[in-house]
Amino acid sequence: MMAVTEPVKLVIENWPEEKTEEIELENLPGNEEAGKRTVTFSRELYIERSDFDPDPPKKFFRLKPGGEVRLKGAYIVLCTGYETDEEGNVTLIRCTYDPETRSGECQRKVKGTIHWLSTLDAVPAELRHYEPLLAETAADDAEAEAEAEAEGEYVGGAKDRDFLKTINPDSLQILQGFVEPAAAKAPAGTRYQFLRMGYYCADLDTSADKPVFNRVVGLKDSFKPAK
């Protein structure tokens with residue numbers, strides 16, 4: 001399935017405002033028995049905020065000013081501009097599409113492919129991302145103390161430390177994003193791989209009106225931005 005966890009709007013300026021297309025996607029690539037589904041493609045889409053960079057580093061193969069990417073299962077788009085708010089955050093991305101590049105009908109290649117959702121039918125969803133409850137330093141300290149205690153060299157430490165100070169304040173991030181209509185109808189306990197984002201499970205709190213998904217595990221990202 002496709003889900004956008006931190007959305008930013010993308011407008012395809014040469015796509016007619018009232019036009020839509022049904023894009024067919026595999027439910028499980030490489031497994032024909034899993035079937036296919038259709039998603040709506042339109043002039044206005046949501047993409048991941050991290051998939052666009054106005055000042056990209058080297059080897060950034062996602063969307064950038066003057067750059068091209070393929071929208072999964074659909075067309076190749078070229079970024080022609082973008083808008084920001086007063087704080088410099090990107091609020092809108094402007095593109096044009098090449099009508100001769102529909103997936104399965106075009107041999108032209110670009111290095112980047114990103115996922116998307118149409119603003120017409122994307123369903124608002126809550127996505128909960130969990131990280132370790134304890135900070136790494138706390139976990140390292142606890143492991144060292146356990147080893148020292150096993151060797152008879154334990155001289156205190158954990159008993160003298162304020163446990164609350166070891167809590168990772170970012171152990172839970174709640175994001176307001178979007179999912180495909182089909183995913184929104186999933187009952188609690190249903191598991192999906194959200195394309196390029198990770199594996200998620202529908203929470204007990206989920207409903208068709210307000211889907212809630214917990215991230216089980218993320219996917220390895222080959223792009224490592226400089227710190």
# chains A, B, ... in the order shown; residues from 1 in each chain; ligands from 1

call {"tool": "select_by_dssp", "arguments": {"residues": "region 20-196 of chain A", "states": "helix (DSSP H, G or I)", "output": "ChimeraX atom specification"}}
result
/A:32-34,49-51,136-150,158-160,163-166,181-184

call {"tool": "residues_around", "arguments": {"residues": "region 18-31 of chain A", "least_positions_apart": "2", "cutoff": "12 Å", "atoms": "only C-alpha atoms", "output": "short mmCIF file (atom, residue, chain, number, x, y, z; two decimals) with C-alpha atoms, in the first residue's frame"}}
result
data_model
loop_
_atom_site.label_atom_id
_atom_site.label_comp_id
_atom_site.auth_asym_id
_atom_site.auth_seq_id
_atom_site.Cartn_x
_atom_site.Cartn_y
_atom_site.Cartn_z
CA MET A 1 0.00 0.00 0.00
CA MET A 2 0.98 3.65 -0.26
CA ILE A 12 1.07 19.04 -11.88
CA ASN A 14 -0.04 20.82 -17.22
CA TRP A 15 -2.54 18.22 -16.01
CA PRO A 16 -6.20 19.24 -16.65
CA GLU A 33 -2.01 -14.47 -6.91
CA ALA A 34 -2.12 -11.43 -4.60
CA GLY A 35 -3.95 -9.52 -7.32
CA LYS A 36 -3.94 -5.85 -8.22
CA ARG A 37 -5.71 -2.69 -7.15
CA THR A 38 -6.34 0.74 -8.66
CA VAL A 39 -5.54 4.16 -7.21
CA THR A 40 -6.63 7.56 -8.46
CA PHE A 41 -4.14 9.89 -10.16
CA SER A 42 -4.98 13.58 -10.43
CA ARG A 43 -3.58 17.09 -10.80
CA GLU A 44 -2.93 17.55 -7.05
CA LEU A 45 -1.06 14.92 -5.06
CA LEU A 71 5.68 8.80 -9.64
CA LYS A 72 5.13 5.13 -8.78
CA GLY A 73 3.01 3.42 -11.44
CA ALA A 74 2.26 6.71 -13.18
CA TYR A 75 4.33 9.35 -14.98
CA ARG A 102 3.14 6.35 -18.31
CA SER A 103 4.50 3.28 -16.49
CA GLY A 104 4.49 0.17 -18.63
CA HIS A 115 5.21 7.22 -3.92
CA TRP A 116 2.23 9.56 -3.81
CA LEU A 117 -1.48 9.84 -3.05
CA SER A 118 -4.17 11.86 -4.80
CA THR A 119 -5.68 14.68 -2.75
CA LEU A 120 -9.08 13.58 -4.09
CA ASP A 121 -9.29 10.33 -2.15
CA GLU A 180 -4.95 4.77 0.42
CA ALA A 182 -8.21 0.48 0.71
CA ALA A 183 -5.85 0.68 3.71
CA TYR A 192 0.97 -3.81 5.48
CA GLN A 193 4.25 -2.73 4.04
CA PHE A 194 3.75 0.92 3.24
CA LEU A 195 5.81 1.50 0.13
#

call {"tool": "atom_distance", "arguments": {"atom1": "CA of Asp205 (chain A)", "atom2": "CA of Lys185 (chain A)"}}
result
12.7 Å

call {"tool": "atom_distance", "arguments": {"atom1": "CA of Ala186 (chain A)", "atom2": "CA of Ala202 (chain A)"}}
result
7.0 Å

call {"tool": "residues_around", "arguments": {"residues": "Arg196 (chain A)", "least_positions_apart": "6", "cutoff": "9 Å", "atoms": "only C-alpha atoms", "output": "PyMOL selection string"}}
result
chain A and resi 2+114-115+218-221

call {"tool": "residues_around", "arguments": {"residues": "Gly177 (chain A)", "least_positions_apart": "6", "cutoff": "6 Å", "atoms": "only C-alpha atoms", "output": "list in words"}}
result
Val4, Thr5, Glu6, Pro124 and Ala125 of chain A

call {"tool": "atom_distance", "arguments": {"atom1": "CA of Tyr97 (chain A)", "atom2": "CA of Leu10 (chain A)"}}
result
11.5 Å

call {"tool": "closest_atom_pairs", "arguments": {"of": "region 105-136 of chain A", "to": "region 76-89 of chain A", "cutoff": "12 Å", "atoms": "only C-alpha atoms", "output": "JSON lines"}}
result
{"residue": "A:Glu105", "atom": "CA", "partner": "A:Ile76", "partner_atom": "CA", "distance": 11.8}
{"residue": "A:Cys106", "atom": "CA", "partner": "A:Ile76", "partner_atom": "CA", "distance": 9.8}
{"residue": "A:Gln107", "atom": "CA", "partner": "A:Ile76", "partner_atom": "CA", "distance": 11.3}
{"residue": "A:Arg108", "atom": "CA", "partner": "A:Ile76", "partner_atom": "CA", "distance": 9.0}
{"residue": "A:Lys109", "atom": "CA", "partner": "A:Ile76", "partner_atom": "CA", "distance": 8.9}
{"residue": "A:Val110", "atom": "CA", "partner": "A:Ile76", "partner_atom": "CA", "distance": 7.9}
{"residue": "A:Lys111", "atom": "CA", "partner": "A:Ile76", "partner_atom": "CA", "distance": 10.7}
{"residue": "A:Gly112", "atom": "CA", "partner": "A:Ile76", "partner_atom": "CA", "distance": 9.6}
{"residue": "A:Thr113", "atom": "CA", "partner": "A:Ile76", "partner_atom": "CA", "distance": 8.7}
{"residue": "A:Ile114", "atom": "CA", "partner": "A:Ile76", "partner_atom": "CA", "distance": 10.2}
{"residue": "A:His115", "atom": "CA", "partner": "A:Ile76", "partner_atom": "CA", "distance": 11.9}
